[in-house]
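Some notes on the structure that comes next.
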Amino acid sequence: MKLDLLAIAPHPDDVELTCGGTMIKMAQAGYRTGILDLTRGETGTRGTPETRLREAARAGKIMGAKVRRNLGFPDAHLRVCDDYKAAIAEVVREFEPRTVIIPYWEGRHPDHYTAAMLAYEACFVAGLKNYPLAGEAFRPFKIIYAAAYADARPTFAVDITKQYGRRRQAILAYASQFRPPKKDAHSKVAIPLDELEGRMNDTARYYGRMIGVKYAEGFVVKEVIGIDDIVAMPVRSM
């Protein structure tokens with residue numbers, strides 16, 4: 001199966017939290033979307049790797065993803081190395097996505113910024129004909145960085161107002177993470193449901209205000225974006 005859009009993230013639930021609304025919107029627009037999780041999140045306090053995989057599969061269906069795959073790299077031990085890079089690159093060659101969403105290159109969790117470097121380098125070497133990989137050489141056209149976890153001003157934002165409710169369903173599919181048992185309610189690492197919804201609302205509304213809508217997701221690109229019609233440009237300046 002060839003994909004139009006592939007999101008690569010270090011842990012199950014990262015895609016849902018950073019670009020889930022955009023993934024839903026693109027699937028609803030008829031694009032073939034997919035998700036590549038690098039780890040099973042096994043070092044997390046909540047749940048088990050097996051539970052996370054089941055929850056990820058359910059969340060992927062809610063988002064309309066055509067495929068969701070997990071490479072099983074060690075959680076909290078991601079590093080830039082040839083083996084990990086090759087495994088990601090072979091998935092890129094297999095699905096030939098035109099656009100790839102990856103984590104922002106800075107962040108609190110080492111897995112996030114390491115995943116950004118891994119994914120970028122994998123997308124590059126996937127296009128090298130003589131690089132020792134399975135499959136035919138292929139390189140994505142566009143690399144987009146999800147800004148939600150970073151203190152970065154987005155290059156652009158995607159209106160997800162109509163997709164916001166479904167994105168919330170996808171996030172809450174991870175019941176082991178966001179609906180913990182009562183006995184764990186006072187754990188220092190818990191993310192209570194009301195706090196989670198507050199964070200979701202604040203971030204999405206913040207990006208939404210930037211473009212004059214209720215909810216949005218922000219993204220960063222390193223290259224200049226071309227505009228053909230400056231009269232019809234969206235978002236008011238004043």
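If you're wondering about the labels, chains in the structure tokens are A, B, ... by order shown, residues count from 1 in each chain, ligands from 1 in order shown.
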**Asked** Residues of range 60-193 of chain A in helix (DSSP H, G or I) according to DSSP, as JSON, numbers by chain?
**Response** {"A": [60, 61, 62, 63, 82, 83, 84, 85, 86, 87, 88, 89, 90, 91, 92, 93, 94, 95, 110, 111, 112, 113, 114, 115, 116, 117, 118, 119, 120, 121, 122, 123, 124, 125, 164, 165, 166, 167, 168, 169, 170, 171, 172, 175, 176, 177, 178, 182, 183, 184, 193]}
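The closest residue to Ile101 in chain A, picked from A:Gly72, A:Pro140, A:Gly30, A:Gly212 and counting only C-alpha atoms, is A:Pro140.
Using only C-alpha atoms for every distance, the candidate list A:Tyr113, A:Met200, A:Lys66, A:Leu71 yields A:Met200 as the residue closest to Gly165 in chain A.
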**Message:** Just want the 10 Å neighbourhood of Gly127 in chain A, counted on only C-alpha atoms, with same-chain residues fewer than 3 positions away dropped. Output as a ChimeraX atom specification.
**Reply:** /A:89,92-93,122-124,130-131,136-140
For C-alpha atoms, I'd like the residues from the last selection saved as a short mmCIF file (atom, residue, chain, number, x, y, z; two decimals), in the first residue's frame.
```cif
data_model
loop_
_atom_site.label_atom_id
_atom_site.label_comp_id
_atom_site.auth_asym_id
_atom_site.auth_seq_id
_atom_site.Cartn_x
_atom_site.Cartn_y
_atom_site.Cartn_z
CA ALA A 89 13.97 3.83 5.97
CA VAL A 92 9.47 4.66 4.08
CA ARG A 93 10.48 2.76 0.95
CA ALA A 122 15.93 7.65 7.54
CA CYS A 123 13.85 9.60 5.03
CA PHE A 124 17.06 10.87 3.45
CA ASN A 130 23.06 2.21 -3.24
CA TYR A 131 22.31 2.39 0.48
CA GLU A 136 13.41 0.55 -4.20
CA ALA A 137 14.96 3.93 -3.46
CA PHE A 138 12.36 6.53 -2.47
CA ARG A 139 12.49 9.87 -0.67
CA PRO A 140 9.46 11.79 0.65
#
```
Need the shell around Cys81 in chain A: protein/DNA/RNA residues with any atom at most 12 Å away, counting only C-alpha atoms. Skip same-chain ones fewer than 3 positions apart. Format as a short mmCIF file (atom, residue, chain, number, x, y, z; two decimals) with C-alpha atoms, in the first residue's frame?
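Once everything was written out, this is result-v3.cif:
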```cif
data_model
loop_
_atom_site.label_atom_id
_atom_site.label_comp_id
_atom_site.auth_asym_id
_atom_site.auth_seq_id
_atom_site.Cartn_x
_atom_site.Cartn_y
_atom_site.Cartn_z
CA PHE A 73 12.64 -0.16 19.47
CA HIS A 77 16.68 4.10 24.81
CA LEU A 78 16.31 5.52 21.32
CA TYR A 84 17.29 1.91 13.68
CA LYS A 85 17.71 4.26 10.74
CA ALA A 86 17.59 1.38 8.26
CA ALA A 87 14.43 -0.09 9.81
CA ILE A 88 12.60 3.24 9.47
CA THR A 114 16.09 11.53 18.94
CA ALA A 115 13.10 10.27 16.93
CA MET A 117 16.77 12.98 13.92
CA LEU A 118 16.25 9.28 13.26
CA ALA A 119 13.20 9.88 11.11
CA GLU A 121 17.96 10.75 8.39
CA ALA A 122 15.93 7.65 7.54
#
```
**Request:** Write down as a PyMOL selection string the residues of range 48-230 of chain A whose backbone DSSP state falls under strand (DSSP E or B).
**Result:** chain A and resi 67-73+99-103+142-146+156-159+216-220
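Nearest residue to Leu128 in chain A, choosing from A:Pro234, A:Gly60, A:Gln28, A:Glu90 and counting only C-alpha atoms: A:Glu90.
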**Prompt:** What's the 6 Å shell around Val220 in chain A, counting only C-alpha atoms, without same-chain residues fewer than 5 positions away, as a list of chain:residue names?
**Reply:** A:Tyr145, A:Pro154, A:Thr155
File dump, residues just selected, N, CA and C atoms, as a PDB file, in the first residue's frame:
```
ATOM      1  N   TYR A 145       7.362  19.076  10.821  1.00  0.00           N
ATOM      2  CA  TYR A 145       7.627  18.851  12.237  1.00  0.00           C
ATOM      3  C   TYR A 145       6.405  19.253  13.071  1.00  0.00           C
ATOM      4  N   PRO A 154       4.809  28.040  15.299  1.00  0.00           N
ATOM      5  CA  PRO A 154       4.550  27.256  14.087  1.00  0.00           C
ATOM      6  C   PRO A 154       4.771  28.065  12.808  1.00  0.00           C
ATOM      7  N   THR A 155       5.203  27.386  11.785  1.00  0.00           N
ATOM      8  CA  THR A 155       5.244  27.973  10.447  1.00  0.00           C
ATOM      9  C   THR A 155       3.837  28.095   9.895  1.00  0.00           C
TER      10      THR A 155
END
```
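Interatomic distance, CA of Ala57 in chain A against CA of Glu195 in chain A: 24.4 Å.
Residue nearest Ile24 in chain A, chosen from A:Arg153, A:Lys129, A:Lys162, A:Arg52 and counting only C-alpha atoms: A:Lys162.
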**Item:** Minimum-distance residue to His109 in chain A, chosen among A:Asp229, A:Glu55, A:Asp75, A:Asp37 (using only C-alpha atoms)
**Value:** A:Asp75
**Item:** Residues near Tyr149 in chain A, cut-off 9 Å, only C-alpha atoms, skip fewer than 3 positions along chain, as number ranges by chain
**Value:** A: 17-18, 103-104, 106-108, 112, 146, 152
**Asked** Contacts of range 1-10 of chain A at 7 Å or less, counting only C-alpha atoms, minus same-chain residues fewer than 5 places along, as a ChimeraX atom specification?
**Response** /A:15,31-39,95-103,111-112,115
Please produce an output containing C-alpha atoms for each residue in the selection, written as a short mmCIF file (atom, residue, chain, number, x, y, z; two decimals), in the first residue's frame.
```
data_model
loop_
_atom_site.label_atom_id
_atom_site.label_comp_id
_atom_site.auth_asym_id
_atom_site.auth_seq_id
_atom_site.Cartn_x
_atom_site.Cartn_y
_atom_site.Cartn_z
CA VAL A 15 0.68 11.04 17.06
CA TYR A 31 -5.75 10.73 1.53
CA ARG A 32 -4.18 7.42 2.52
CA THR A 33 -2.62 7.94 5.94
CA GLY A 34 -0.41 5.76 8.13
CA ILE A 35 1.38 5.79 11.47
CA LEU A 36 4.77 4.40 12.45
CA ASP A 37 5.40 4.11 16.20
CA LEU A 38 9.04 3.48 17.05
CA THR A 39 8.59 1.97 20.55
CA PHE A 95 4.87 2.95 1.77
CA GLU A 96 6.38 5.77 -0.33
CA PRO A 97 4.64 8.61 1.54
CA ARG A 98 4.67 11.99 -0.17
CA THR A 99 4.53 13.82 3.18
CA VAL A 100 5.98 12.72 6.52
CA ILE A 101 5.18 14.25 9.92
CA ILE A 102 7.93 13.81 12.51
CA PRO A 103 8.53 15.19 16.04
CA ASP A 111 13.05 9.96 22.66
CA HIS A 112 11.24 12.83 20.95
CA ALA A 115 13.10 10.27 16.93
#
```
